[in-house]
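K.L.:
One file is attached below, structure38.cif, containing mmCIF, C-alpha atoms.
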data_start
#
loop_
_atom_site.label_atom_id
_atom_site.label_comp_id
_atom_site.auth_asym_id
_atom_site.auth_seq_id
_atom_site.Cartn_x
_atom_site.Cartn_y
_atom_site.Cartn_z
CA MET A 1 255.08 17.97 104.38
CA LYS A 2 251.79 19.83 103.73
CA GLU A 3 250.72 22.24 106.47
CA ASN A 4 247.84 20.12 107.77
CA GLN A 5 249.65 16.80 107.61
CA ARG A 6 251.62 16.73 110.81
CA LEU A 7 252.41 13.17 111.81
CA TYR A 8 250.69 12.42 115.09
CA THR A 9 252.14 9.99 117.55
CA ASN A 10 250.36 6.73 118.13
CA GLU A 11 249.71 7.77 121.72
CA GLU A 12 248.02 11.00 120.64
CA LEU A 13 245.74 9.29 118.17
CA GLU A 14 245.02 6.38 120.51
CA SER A 15 243.95 8.82 123.20
CA LEU A 16 241.65 10.67 120.80
CA ILE A 17 240.17 7.51 119.32
CA ASN A 18 239.29 6.19 122.76
CA SER A 19 237.92 9.56 123.86
CA ASN A 20 234.16 9.89 124.37
CA GLN A 21 234.26 13.01 122.24
CA PHE A 22 234.78 11.03 119.06
CA PRO A 23 232.45 8.08 119.27
CA LEU A 24 232.60 7.27 115.59
CA LEU A 25 236.35 6.79 115.78
CA ASN A 26 236.16 4.41 118.67
CA ASN A 27 236.85 0.93 117.38
CA ARG A 28 234.02 -0.42 119.48
CA HIS A 29 231.54 1.58 117.43
CA ILE A 30 233.16 1.33 114.03
CA ASP A 31 230.52 -1.09 112.82
CA GLU A 32 227.93 1.65 113.26
CA LEU A 33 229.42 3.76 110.46
CA ASP A 34 227.61 4.02 107.17
CA SER A 35 229.42 1.64 104.90
CA PRO A 36 232.26 -0.91 104.96
CA SER A 37 234.34 1.23 102.58
CA THR A 38 234.02 4.29 104.87
CA GLN A 39 235.06 2.19 107.84
CA LYS A 40 238.06 0.84 105.94
CA ALA A 41 239.10 4.29 104.71
CA LEU A 42 238.91 5.86 108.14
CA PHE A 43 240.70 2.98 109.79
CA GLU A 44 243.50 3.15 107.20
CA LYS A 45 243.95 6.88 107.67
CA ILE A 46 244.28 6.45 111.39
CA GLU A 47 246.74 3.63 110.99
CA ASN A 48 248.92 5.82 108.76
CA THR A 49 248.95 8.42 111.58
CA SER A 50 248.26 11.26 109.19
CA LEU A 51 245.07 13.17 108.57
CA GLU A 52 244.19 14.48 105.13
CA LEU A 53 241.40 16.87 104.26
CA SER A 54 240.48 17.86 100.73
CA ASP A 55 239.56 21.42 99.75
CA TYR A 56 235.96 22.27 100.63
CA PRO A 57 233.70 20.45 98.14
CA LYS A 58 229.96 20.90 97.48
CA PHE A 59 227.95 20.23 100.63
CA LYS A 60 226.29 17.17 99.10
CA ASN A 61 229.73 15.51 98.87
CA ILE A 62 230.71 16.16 102.48
CA THR A 63 230.75 13.12 104.76
CA SER A 64 230.53 12.86 108.53
CA GLU A 65 234.15 11.64 108.41
CA ASP A 66 235.19 15.03 106.96
CA ILE A 67 233.52 16.73 109.92
CA ILE A 68 235.20 14.35 112.38
CA LYS A 69 238.57 15.28 110.84
CA LEU A 70 237.74 18.97 111.29
CA ARG A 71 236.91 18.29 114.93
CA LEU A 72 240.17 16.42 115.33
CA PHE A 73 242.16 19.28 113.81
CA LEU A 74 240.39 21.69 116.14
CA HIS A 75 241.16 19.49 119.11
CA LEU A 76 244.81 19.31 118.07
CA GLY A 77 245.05 23.09 117.70
CA GLN A 78 245.74 22.97 113.97
CA GLU A 79 244.99 26.21 112.17
CA ASN A 80 245.44 27.14 108.53
CA SER A 81 243.60 28.87 105.71
CA LYS A 82 242.14 25.60 104.35
CA LEU A 83 240.53 24.81 107.72
CA ASP A 84 239.29 28.42 108.06
CA ASN A 85 237.69 28.09 104.64
CA TRP A 86 235.98 24.82 105.61
CA HIS A 87 234.54 26.31 108.79
CA LEU A 88 233.26 29.49 107.14
CA LYS A 89 231.79 27.74 104.12
CA LEU A 90 230.03 25.13 106.25
CA LEU A 91 228.54 27.85 108.42
CA ARG A 92 227.45 29.90 105.42
CA TYR A 93 225.85 26.91 103.69
CA ILE A 94 223.79 25.99 106.74
CA GLU A 95 222.70 29.56 107.52
CA ILE A 96 221.77 30.49 103.96
CA ASN A 97 219.97 27.19 103.28
CA LEU A 98 218.41 26.75 106.74
CA PRO A 99 214.77 26.77 105.54
CA LYS A 100 215.46 24.13 102.87
CA LEU A 101 218.19 21.97 104.44
CA LYS A 102 215.91 18.93 104.78
CA LYS A 103 214.76 19.29 101.16
CA ASN A 104 218.38 19.61 100.02
CA GLU A 105 219.42 16.50 101.94
CA LYS A 106 216.72 14.49 100.15
CA LYS A 107 217.75 16.00 96.83
CA HIS A 108 221.37 15.01 97.51
CA GLY A 109 220.23 11.43 98.01
CA ARG A 110 221.39 11.19 101.61
CA SER A 111 219.50 8.79 103.85
CA ASN A 112 217.81 10.14 106.97
CA LYS A 113 220.37 8.23 109.07
CA SER A 114 223.32 9.81 107.22
CA SER A 115 221.83 13.28 107.52
CA ILE A 116 221.44 12.84 111.27
CA LEU A 117 225.08 11.68 111.54
CA ILE A 118 226.45 14.55 109.54
CA PHE A 119 224.41 17.31 111.18
CA GLN A 120 225.14 16.05 114.67
CA GLN A 121 228.84 16.10 113.84
CA ILE A 122 228.51 19.63 112.41
CA LYS A 123 226.70 20.78 115.54
CA ALA A 124 229.49 19.27 117.66
CA LEU A 125 232.12 20.99 115.48
CA PHE A 126 230.44 24.37 115.85
CA VAL A 127 230.09 24.09 119.63
CA GLU A 128 233.74 23.06 119.88
CA TYR A 129 234.78 25.88 117.56
CA TYR A 130 233.02 28.33 119.87
CA LEU A 131 234.75 26.79 122.91
CA THR A 132 238.19 27.08 121.30
CA HIS A 133 237.80 30.40 119.49
CA ASN A 134 235.06 32.21 121.44
CA ASP A 135 233.29 32.91 118.15
CA LEU A 136 229.58 33.25 118.84
CA ILE A 137 228.45 32.98 115.22
CA TYR A 138 229.28 29.26 115.41
CA LEU A 139 227.37 28.77 118.65
CA ASN A 140 224.41 30.57 117.05
CA THR A 141 224.31 28.11 114.15
CA ALA A 142 224.82 25.12 116.48
CA ILE A 143 221.70 26.18 118.41
CA LYS A 144 219.77 26.44 115.13
CA ILE A 145 220.81 22.86 114.24
CA THR A 146 219.45 21.76 117.64
CA ASP A 147 216.03 23.05 116.51
CA LEU A 148 216.02 20.84 113.40
CA LYS A 149 213.74 17.95 114.39
CA TRP A 150 214.69 15.86 111.35
CA ALA A 151 218.40 16.12 112.29
CA THR A 152 217.78 14.99 115.87
CA PRO A 153 218.79 11.40 116.73
CA LEU A 154 215.96 8.88 116.68
CA SER A 155 215.50 5.90 119.00
CA GLU A 156 217.23 3.67 116.44
CA THR A 157 220.20 6.07 115.99
CA PRO A 158 223.41 4.49 117.35
CA TYR A 159 224.01 5.28 121.00
CA PRO A 160 227.29 7.22 120.45
CA ILE A 161 225.47 9.78 118.31
CA LYS A 162 222.65 10.11 120.84
CA GLU A 163 225.27 10.61 123.53
CA LEU A 164 227.11 13.20 121.40
CA ASN A 165 223.83 15.06 120.88
CA SER A 166 223.12 15.02 124.60
CA ILE A 167 226.66 16.18 125.53
CA LYS A 168 226.56 19.06 123.04
CA ASN A 169 223.05 20.17 124.09
CA ARG A 170 224.20 20.27 127.71
CA GLN A 171 227.31 22.24 126.70
CA ILE A 172 225.11 24.75 124.87
CA GLU A 173 222.95 25.24 127.96
CA TYR A 174 226.01 25.79 130.18
CA ILE A 175 227.49 28.23 127.67
CA LEU A 176 224.25 30.24 127.49
CA LYS A 177 224.10 30.50 131.30
CA ASP A 178 227.76 31.51 131.33
CA LEU A 179 227.21 34.21 128.71
CA VAL A 180 224.53 35.89 130.78
CA ASN A 181 226.59 35.78 133.96
CA GLY A 182 229.94 36.55 132.33
CA MET B 1 221.86 65.84 81.95
CA ASP B 2 219.87 65.63 85.21
CA LYS B 3 220.60 62.69 87.42
CA LYS B 4 217.40 60.89 88.43
CA ILE B 5 216.72 59.78 91.98
CA ILE B 6 214.99 56.41 92.13
CA VAL B 7 213.93 54.88 95.45
CA PHE B 8 213.52 51.16 96.15
CA CYS B 9 210.90 50.56 98.82
CA PRO B 10 209.64 47.48 100.75
CA ASN B 11 206.04 48.60 101.25
CA PRO B 12 203.88 51.70 100.61
CA PHE B 13 203.66 52.64 104.29
CA SER B 14 207.37 52.50 105.14
CA LEU B 15 208.05 55.40 107.53
CA TYR B 16 211.72 55.26 106.55
CA THR B 17 210.89 55.66 102.85
CA THR B 18 208.22 58.34 103.23
CA SER B 19 210.33 60.38 105.69
CA LEU B 20 213.40 60.21 103.44
CA CYS B 21 211.49 61.15 100.27
CA GLU B 22 209.59 63.99 101.93
CA LEU B 23 212.83 65.49 103.28
CA LEU B 24 214.54 65.23 99.89
CA ILE B 25 211.61 66.92 98.15
CA ARG B 26 211.70 69.71 100.74
CA LYS B 27 215.36 70.25 99.90
CA GLY B 28 214.40 70.74 96.27
CA TYR B 29 215.16 67.29 94.89
CA HIS B 30 212.75 65.49 92.59
CA ILE B 31 212.07 61.80 93.21
CA GLU B 32 211.70 60.39 89.70
CA CYS B 33 210.31 57.06 90.70
CA ILE B 34 209.59 54.84 93.70
CA VAL B 35 209.75 51.11 93.00
CA VAL B 36 207.70 49.23 95.60
CA ARG B 37 207.26 45.52 96.18
CA LYS B 38 203.78 44.07 95.99
CA PHE B 39 202.38 41.86 98.73
CA THR B 40 202.06 38.37 97.35
CA LEU B 41 201.69 34.94 98.89
CA ASN B 42 205.05 34.02 97.38
CA ARG B 43 206.75 36.96 99.06
CA PHE B 44 205.19 35.99 102.39
CA LYS B 45 206.30 32.35 101.98
CA ASN B 46 209.90 33.31 101.13
CA GLU B 47 210.21 35.83 103.94
CA PHE B 48 208.56 33.48 106.43
CA ALA B 49 211.04 30.75 105.51
CA ARG B 50 213.86 33.18 106.29
CA ASP B 51 212.46 35.07 109.31
CA GLY B 52 209.97 32.67 110.87
CA LYS B 53 207.57 34.04 113.49
CA ARG B 54 209.48 37.36 113.50
CA LEU B 55 207.82 38.12 110.18
CA ILE B 56 204.32 38.08 111.68
CA LYS B 57 205.37 40.64 114.29
CA LYS B 58 207.10 42.72 111.61
CA ILE B 59 204.00 42.73 109.33
CA TRP B 60 201.71 43.62 112.25
CA LYS B 61 203.97 46.46 113.33
CA LYS B 62 204.85 47.94 109.93
CA LEU B 63 201.67 47.44 107.95
CA PHE B 64 198.88 47.58 110.52
CA LEU B 65 200.01 49.50 113.60
CA ARG B 66 202.52 51.69 111.73
CA GLU B 67 203.10 54.83 113.83
CA GLN B 68 201.05 53.37 116.67
CA SER B 69 203.62 50.61 117.14
CA TYR B 70 206.04 53.15 118.57
CA SER B 71 205.95 54.22 122.19
CA ASN B 72 206.43 57.86 123.21
CA ASP B 73 210.18 57.37 122.76
CA SER B 74 211.71 60.73 121.93
CA ASN B 75 214.40 58.95 119.89
CA SER B 76 211.94 57.22 117.57
CA ILE B 77 211.18 57.95 113.95
CA VAL B 78 207.67 59.02 115.03
CA ALA B 79 209.14 61.74 117.27
CA PHE B 80 211.55 62.69 114.46
CA ARG B 81 208.65 63.05 112.02
CA LYS B 82 206.69 65.15 114.50
CA LYS B 83 209.69 67.42 115.11
CA ASN B 84 210.28 67.86 111.38
CA LYS B 85 206.56 68.10 110.55
CA LEU B 86 206.69 65.16 108.13
CA LEU B 87 203.18 64.34 107.04
CA VAL B 88 203.34 61.84 104.19
CA LYS B 89 202.26 58.36 105.32
CA ASN B 90 201.88 56.57 102.00
CA ILE B 91 204.25 56.70 99.03
CA ASN B 92 201.27 57.17 96.68
CA GLU B 93 200.98 60.73 98.03
CA PHE B 94 204.21 61.52 96.15
CA LYS B 95 202.34 61.16 92.85
CA GLY B 96 201.24 64.72 93.51
CA HIS B 97 204.92 65.74 93.21
CA GLY B 98 205.32 64.04 89.84
CA THR B 99 206.84 60.86 91.24
CA LYS B 100 206.04 57.65 89.37
CA ILE B 101 205.09 54.67 91.52
CA VAL B 102 206.10 51.36 90.01
CA LYS B 103 204.97 48.09 91.60
CA CYS B 104 206.88 44.84 91.28
CA ASN B 105 206.93 41.31 92.69
CA SER B 106 210.67 41.52 93.19
CA LEU B 107 213.12 44.40 92.89
CA ASN B 108 215.04 42.17 90.47
CA ASP B 109 212.11 41.77 88.05
CA PRO B 110 212.63 42.39 84.32
CA ASN B 111 210.20 45.35 84.44
CA VAL B 112 212.45 47.03 87.05
CA GLU B 113 215.51 46.32 84.93
CA HIS B 114 213.74 47.76 81.90
CA LEU B 115 212.68 50.85 83.89
CA LEU B 116 216.27 51.53 84.98
CA LYS B 117 217.52 51.19 81.40
CA THR B 118 215.31 54.13 80.38
CA TYR B 119 217.36 56.52 82.53
CA ASP B 120 220.88 57.47 81.51
CA GLU B 121 222.01 59.05 84.74
CA LYS B 122 220.56 57.86 88.00
CA LEU B 123 221.14 57.36 91.69
CA ILE B 124 219.19 54.61 93.39
CA VAL B 125 218.35 54.81 97.08
CA PHE B 126 217.58 51.49 98.75
CA THR B 127 215.18 51.64 101.72
CA GLY B 128 214.41 47.92 101.86
CA GLY B 129 212.84 45.18 99.77
CA GLY B 130 215.29 42.28 99.57
CA ILE B 131 218.58 41.31 98.00
CA ILE B 132 219.52 43.08 94.76
CA ARG B 133 220.80 40.85 91.97
CA LYS B 134 223.37 41.46 89.23
CA ASN B 135 220.85 42.41 86.54
CA ILE B 136 219.74 45.41 88.62
CA LEU B 137 223.23 46.27 89.91
CA ASP B 138 224.38 46.43 86.29
CA GLN B 139 221.71 49.06 85.53
CA ALA B 140 222.31 51.08 88.70
CA GLY B 141 224.07 54.06 87.15
CA ASP B 142 226.02 55.79 89.92
CA GLY B 143 225.01 52.99 92.22
CA ILE B 144 222.52 51.87 94.83
CA ILE B 145 222.98 53.47 98.24
CA ASN B 146 222.05 51.49 101.31
CA CYS B 147 222.10 52.35 105.00
CA HIS B 148 223.42 49.30 106.82
CA MET B 149 222.72 48.86 110.55
CA GLY B 150 226.29 48.00 111.44
CA ILE B 151 229.83 49.38 111.18
CA LEU B 152 231.54 47.95 108.11
CA PRO B 153 233.69 46.14 107.20
CA LYS B 154 233.52 44.11 110.41
CA TYR B 155 229.79 43.90 110.98
CA LYS B 156 228.35 42.49 107.76
CA GLY B 157 225.03 40.65 107.69
CA MET B 158 222.01 40.78 109.96
CA ASP B 159 221.04 41.60 113.53
CA LEU B 160 224.18 43.69 114.06
CA PRO B 161 223.01 45.63 117.15
CA GLU B 162 222.39 42.28 118.84
CA TRP B 163 225.80 40.95 117.76
CA CYS B 164 227.61 44.06 119.04
CA ILE B 165 226.04 43.52 122.46
CA LEU B 166 226.77 39.78 122.47
CA GLU B 167 230.40 40.38 121.55
CA ASN B 168 230.77 43.17 124.16
CA GLU B 169 231.53 45.63 121.36
CA THR B 170 228.90 48.27 122.07
CA GLU B 171 231.32 50.99 120.96
CA GLU B 172 230.90 49.47 117.47
CA LEU B 173 227.15 50.16 117.37
CA GLY B 174 226.32 52.33 114.40
CA ILE B 175 225.39 52.57 110.74
CA THR B 176 227.28 52.56 107.47
CA LEU B 177 226.12 54.22 104.29
CA HIS B 178 227.51 52.33 101.33
CA PHE B 179 226.99 51.41 97.73
CA MET B 180 225.59 47.96 97.14
CA ASP B 181 227.46 45.40 95.10
CA LYS B 182 227.09 41.67 94.41
CA GLY B 183 228.46 40.73 97.84
CA ILE B 184 226.67 40.99 101.19
CA ASP B 185 227.49 44.48 102.57
CA THR B 186 230.80 44.57 100.68
CA GLY B 187 230.28 47.67 98.50
CA ASP B 188 232.19 50.97 98.67
CA ILE B 189 231.70 52.83 101.93
CA LEU B 190 230.43 56.41 101.89
CA LYS B 191 230.11 57.20 105.57
CA LYS B 192 230.17 55.51 108.98
CA ILE B 193 228.28 56.88 111.97
CA LYS B 194 228.75 55.42 115.43
CA ILE B 195 225.70 55.47 117.67
CA PRO B 196 226.21 55.45 121.43
CA LEU B 197 224.40 52.88 123.54
CA GLY B 198 222.78 55.68 125.53
CA GLU B 199 220.06 54.96 128.06
CA HIS B 200 218.44 52.06 126.21
CA THR B 201 217.60 49.03 128.27
CA SER B 202 216.07 46.96 125.51
CA ILE B 203 217.24 45.95 122.05
CA LYS B 204 213.91 47.08 120.62
CA ASP B 205 214.42 50.63 121.95
CA LEU B 206 218.02 50.63 120.75
CA ARG B 207 216.95 49.66 117.23
CA VAL B 208 214.18 52.28 117.26
CA SER B 209 216.79 54.96 118.02
CA PHE B 210 218.71 54.03 114.86
CA GLU B 211 215.85 54.94 112.51
CA PRO B 212 215.88 58.77 112.65
CA ILE B 213 219.67 58.73 112.30
CA MET B 214 219.32 56.50 109.24
CA VAL B 215 216.85 58.92 107.63
CA SER B 216 218.89 62.08 108.23
CA SER B 217 222.18 60.41 107.22
CA MET B 218 220.67 59.05 104.05
CA VAL B 219 219.35 62.52 103.11
CA SER B 220 222.78 63.98 103.69
CA ILE B 221 224.57 61.31 101.65
CA VAL B 222 222.11 61.59 98.74
CA GLU B 223 222.85 65.33 98.67
CA ASP B 224 226.59 64.60 98.61
CA CYS B 225 226.15 62.10 95.79
CA MET B 226 224.00 64.49 93.75
CA ASN B 227 226.53 67.31 94.26
CA GLY B 228 229.52 65.17 93.39
CA LYS B 229 230.92 65.52 96.91
CA ALA B 230 230.58 61.90 98.01
CA ILE B 231 233.80 59.99 98.62
CA ARG B 232 233.75 56.25 98.04
CA THR B 233 236.16 54.01 99.94
CA LYS B 234 236.68 50.43 98.86
CA GLN B 235 236.32 47.76 101.53
CA SER B 236 238.97 45.16 102.17
CA THR B 237 237.94 41.76 100.78
CA LYS B 238 239.99 39.81 103.35
CA ASP B 239 237.35 39.33 106.02
CA LYS B 240 234.75 36.88 104.73
CA ARG B 241 232.89 36.71 108.04
CA GLN B 242 229.20 37.44 108.02
CA TYR B 243 226.69 37.65 110.86
CA PHE B 244 223.36 35.86 110.57
CA ILE B 245 219.98 36.13 112.28
CA VAL B 246 220.44 35.72 116.04
CA HIS B 247 218.70 32.70 117.51
CA GLU B 248 216.02 33.56 120.07
CA LYS B 249 218.13 32.05 122.89
CA LEU B 250 221.08 34.32 122.07
CA TYR B 251 218.69 37.26 121.62
CA GLN B 252 217.56 36.74 125.21
CA VAL B 253 221.22 36.65 126.29
CA ALA B 254 221.79 39.98 124.49
CA GLU B 255 218.74 41.52 126.19
CA LYS B 256 219.97 40.42 129.62
CA LYS B 257 223.48 41.69 128.89
CA LEU B 258 222.09 45.07 127.85
CA LYS B 259 220.03 45.36 131.05
CA LYS B 260 223.09 44.38 133.09
CA MET B 261 225.20 47.04 131.34
CA LYS B 262 222.64 49.69 132.17
CA THR B 263 222.40 48.56 135.83
CA LYS B 264 226.21 48.65 136.11
CA THR B 265 226.32 52.19 134.67
CA ASP B 266 223.55 53.36 137.02
CA THR B 267 225.34 51.88 140.06
CA HIS B 268 228.63 53.45 138.98
CA THR B 269 226.99 56.86 138.50
CA ALA B 270 225.20 56.66 141.86
#
Kindly transcribe the structure held in the file into C-alpha cells.
P.N.:
Amino acid sequence: MKENQRLYTNEELESLINSNQFPLLNNRHIDELDSPSTQKALFEKIENTSLELSDYPKFKNITSEDIIKLRLFLHLGQENSKLDNWHLKLLRYIEINLPKLKKNEKKHGRSNKSSILIFQQIKALFVEYYLTHNDLIYLNTAIKITDLKWATPLSETPYPIKELNSIKNRQIEYILKDLVNG
Amino acid sequence: MDKKIIVFCPNPFSLYTTSLCELLIRKGYHIECIVVRKFTLNRFKNEFARDGKRLIKKIWKKLFLREQSYSNDSNSIVAFRKKNKLLVKNINEFKGHGTKIVKCNSLNDPNVEHLLKTYDEKLIVFTGGGIIRKNILDQAGDGIINCHMGILPKYKGMDLPEWCILENETEELGITLHFMDKGIDTGDILKKIKIPLGEHTSIKDLRVSFEPIMVSSMVSIVEDCMNGKAIRTKQSTKDKRQYFIVHEKLYQVAEKKLKKMKTKTDTHTA
C-alpha cells in the first residue's frame, strides 16, 4: 500500500464528511460543487474509503477537491514528503504570484466562482496547517488571502463556503490575539 | 591580473553603498565600476506590486529624507558614518576616484552582462537592486557577495528580523555574508554574525542597528575575498522553506512581542 493510502474506516470518513469543517464533502451540499463529474469522482473516492493525491501539478490544474484532500490528510495526521511538497509549493506559488493571482486565475480559465472555492479552501488549509504544526509562515499567507477581495465569498456563493470563510476569519483573529498574549 | 571590484547598487544615494565604497577606497581598494538602477515607472510599478504601501515609505525615507530619516540612534548608519568621518553621499562622487558609473533599468540587462564580460577577473558586491538572474550570475567571476539580514540556512527570504521575533528565536537574529546563486539565499556562506536583541523596543530601531554591522562586515569580507582568505561553505539543500513579507497584522504582533520582551527584561533586572 502506498504511504498516503491508508484505508480509513467507514466511521472515520462518515464523521469527517458530516463535520462542519468540510462542507463540500457533506452530502447535503454536494450539489453545490462545480460539475457533475467532480461530484461523482469525489463521491466514488469516499465510497472506496481511500484517498489518493497526485504529485503537485501546475497551479492551474489544482482543484478545490485536491485542497480538501490535503485538509483531510492534515486532519488525519498523515505526514509524508509528497504532502510536504504540496504544502510548500502551494505556499510559494501564492506568495510569489500574490500581485497577479487574479490575473493568473483569469488566464487559467477558472470562473470567479471556482477561484473563490479554491482560495477559500487554501486559506482553510493554511490556517489548519498553522494550528497543527505551529508554522507561522502558513498563517501569514492565510491572512494575505483574506485581503483578496476577489477571492472573498459573494452573496451568491454557497452558504457552506461563506460559513467556512467566517469560521477561518474568526480563527485567525483568535490566533492573533493568542500570539500577542502567549 | 588585478581582480576588479564591481558594486551593484539600488539608487545613487544609498548610504549602505556609499559607506561601503568609501571605506574600501580608504583601505586602498579601487572600485572599478558601480552599476546603479535607474528610476523608471516600470520599476516603481513592479516594486509597488511586491511591496505595496511600504514602498512609498521606503522611497520617502531613502531618496528624500536620507540621513534625516534616522533619529539620534547611536547604533544607526548615520552615527557610524559620523564616527568614521564618511562624507560621500552620492555614488557619482566616486567618479573622482576613477570609478565608472553605469546606469541600467535592471541589473540583469544585456548592457550589464556585456559590461561584466569585459572583465576577466572580478568580484561583485551586491548592495541592493533586485533579484539577479542566471545571465549575470554566469558572468560573475569569483561571485556576487550579498549581506543577508538573517542567519542562513534557516532564515531565507524576507523580513527575517520580524520572523525571528515572531518565532521566539531572537538568538537567531543576525546577518549572513554569502555568494549569490540561482536560488533564494542558497549560495555558499562566507560568514555569519549574530546580532543581540539589545535594548531595542521597536523593529524599526532593531533593523537600523543592523546597517553599520552590514557595512563593516561587508568591507571585511571583500578584503578576505581579494586576499584569497575567504572560506566558502556550501549550504544544505534539504530545507526548502522560505520566509515571505510579513503581513501588517503579524508585524504588529511582532512589535508587541518585542515590547513585551523588553518589559520582561527590565522587570527582571529591577
K.L.:
Just the number, please: distance in Å from CA of Phe179 (chain B) to CA of Asp142 (chain B), one decimal.
P.N.:
9.0 Å
K.L.:
So how many Å separate CA of Glu67 (chain B) and CA of Leu15 (chain B), to one decimal?
P.N.:
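CA of Leu15 (chain B) lies 8.0 Å from CA of Glu67 (chain B).
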K.L.:
To one decimal place in Å, what is the distance between CA of Asp185 (chain B) and CA of Ile143 (chain A)?
P.N.:
24.9 Å
K.L.:
Residues of chain B within 10 Å of chain A: nearest atom pair and distance (Å, one decimal) for each, counting all atoms listed in the file, sorted by chain and number, as JSON lines?
P.N.:
{"residue": "B:Asn46", "atom": "CA", "partner": "A:Pro99", "partner_atom": "CA", "distance": 9.3}
{"residue": "B:Phe48", "atom": "CA", "partner": "A:Pro99", "partner_atom": "CA", "distance": 9.2}
{"residue": "B:Ala49", "atom": "CA", "partner": "A:Pro99", "partner_atom": "CA", "distance": 5.5}
{"residue": "B:Arg50", "atom": "CA", "partner": "A:Pro99", "partner_atom": "CA", "distance": 6.5}
{"residue": "B:Asp51", "atom": "CA", "partner": "A:Pro99", "partner_atom": "CA", "distance": 9.4}
{"residue": "B:Gly52", "atom": "CA", "partner": "A:Pro99", "partner_atom": "CA", "distance": 9.3}
{"residue": "B:Trp163", "atom": "CA", "partner": "A:Leu136", "partner_atom": "CA", "distance": 8.6}
{"residue": "B:Leu166", "atom": "CA", "partner": "A:Leu136", "partner_atom": "CA", "distance": 8.0}
{"residue": "B:Glu167", "atom": "CA", "partner": "A:Leu136", "partner_atom": "CA", "distance": 7.7}
{"residue": "B:Lys240", "atom": "CA", "partner": "A:Leu88", "partner_atom": "CA", "distance": 7.9}
{"residue": "B:Arg241", "atom": "CA", "partner": "A:Leu88", "partner_atom": "CA", "distance": 7.3}
{"residue": "B:Gln242", "atom": "CA", "partner": "A:Arg92", "partner_atom": "CA", "distance": 8.2}
{"residue": "B:Tyr243", "atom": "CA", "partner": "A:Ile137", "partner_atom": "CA", "distance": 6.6}
{"residue": "B:Phe244", "atom": "CA", "partner": "A:Glu95", "partner_atom": "CA", "distance": 7.0}
{"residue": "B:Ile245", "atom": "CA", "partner": "A:Glu95", "partner_atom": "CA", "distance": 8.6}
{"residue": "B:Val246", "atom": "CA", "partner": "A:Asn140", "partner_atom": "CA", "distance": 6.6}
{"residue": "B:His247", "atom": "CA", "partner": "A:Asn140", "partner_atom": "CA", "distance": 6.1}
{"residue": "B:Glu248", "atom": "CA", "partner": "A:Asn140", "partner_atom": "CA", "distance": 9.4}
{"residue": "B:Lys249", "atom": "CA", "partner": "A:Leu176", "partner_atom": "CA", "distance": 7.9}
{"residue": "B:Leu250", "atom": "CA", "partner": "A:Asn140", "partner_atom": "CA", "distance": 7.1}
{"residue": "B:Tyr251", "atom": "CA", "partner": "A:Asn140", "partner_atom": "CA", "distance": 9.9}
{"residue": "B:Gln252", "atom": "CA", "partner": "A:Val180", "partner_atom": "CA", "distance": 9.0}
{"residue": "B:Val253", "atom": "CA", "partner": "A:Val180", "partner_atom": "CA", "distance": 5.6}
{"residue": "B:Ala254", "atom": "CA", "partner": "A:Val180", "partner_atom": "CA", "distance": 8.0}
{"residue": "B:Glu255", "atom": "CA", "partner": "A:Val180", "partner_atom": "CA", "distance": 9.3}
{"residue": "B:Lys256", "atom": "CA", "partner": "A:Val180", "partner_atom": "CA", "distance": 6.5}
{"residue": "B:Lys257", "atom": "CA", "partner": "A:Val180", "partner_atom": "CA", "distance": 6.2}
{"residue": "B:Leu258", "atom": "CA", "partner": "A:Val180", "partner_atom": "CA", "distance": 9.9}
{"residue": "B:Lys260", "atom": "CA", "partner": "A:Val180", "partner_atom": "CA", "distance": 8.9}
K.L.:
Near region 203-213 of chain B, counting only C-alpha atoms, which residues have an atom at most 9 Å away, once you skip same-chain residues fewer than 2 positions from it, shown as a PyMOL selection string?
P.N.:
chain B and resi 16+70+73-81+149+161-162+174-175+193+195+197-201+215-218+251+254-255+258
K.L.:
Return as JSON the centre and edge lengths, in Å with one decimal, of the box along x, y and z that encloses every atom of region 125-137 of chain A in the file, padded by 5 Å per side.
P.N.:
{"center_x": 233.3, "center_y": 27.1, "center_z": 119.1, "size_x": 19.7, "size_y": 22.3, "size_z": 17.7}
K.L.:
Give me the residues near Thr146 (chain A) as a list in words, where near means some atom within 10 Å (using only C-alpha atoms) and where sequence neighbours in that chain fewer than 3 positions away do not count.
P.N.:
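With the cut-off at 10 Å, the set is Phe119, Gln120, Lys123, Thr141, Ala142, Ile143, Lys149, Trp150, Ala151, Thr152, Asn165, Lys168, Asn169 and Ile172 of chain A.
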K.L.:
In terms of the shortest atom-to-atom distance over only C-alpha atoms, which of B:Ile145, B:Ile151, B:Cys104, B:Leu87 is closest to Thr18 (chain B)?
P.N.:
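For Thr18 (chain B), the nearest of the candidates is B:Leu87.
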K.L.:
Find the residues near Asp239 (chain B): any atom within 10 Å, counting all atoms listed in the file, skip ones fewer than 4 places away on the same chain, and give them as an NGL selection string.
P.N.:
:B and (153-154 or 156 or 186 or 235)
K.L.:
Take the residues that were just selected and, keeping C-alpha atoms, output them as a compact mmCIF listing (two decimals), in the frame of the given file.
P.N.:
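For reference, result-v1.txt as written:
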# COMPACT_ATOMS: atom_id res chain seq x y z
CA PRO B 153 233.69 46.14 107.20
CA LYS B 154 233.52 44.11 110.41
CA LYS B 156 228.35 42.49 107.76
CA THR B 186 230.80 44.57 100.68
CA GLN B 235 236.32 47.76 101.53
K.L.:
For Lys103 (chain B), list every protein, DNA or RNA residue within 9 Å, evaluated using only C-alpha atoms, and leave out those in the same chain fewer than 6 positions away; present the list as a count of residues only.
P.N.:
6
K.L.:
Return as a ChimeraX atom specification the set of residues that the PyMOL selection byres ((chain A and resi 63) around 10) yields on the displayed structure.
P.N.:
/A:34,38,59-62,64-68,114-115,117-119,121
K.L.:
Which residue out of B:Glu47, B:Ile31, B:Leu116, B:Thr170 has the minimum interatomic distance to Lys100 (chain B) when all atoms listed in the file are used?
P.N.:
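Nearest to Lys100 (chain B): B:Ile31.
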K.L.:
With the file shown as input, list the residues that the PyMOL selection byres ((chain A and resi 86) around 12) selects, as an MDAnalysis selection string.
P.N.:
chainID A and resid 53:59 62 66:67 69:71 73:74 79:85 87:93 122 125:126
K.L.:
I'd like the contact shell of Ile5 (chain B) - 6 Å cut-off, only C-alpha atoms, skipping same-chain residues fewer than 6 positions apart - returned as a list in words.
P.N.:
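Counting only C-alpha atoms, the residues come to Ile31, Glu32, Lys122, Leu123 and Ile124 of chain B.
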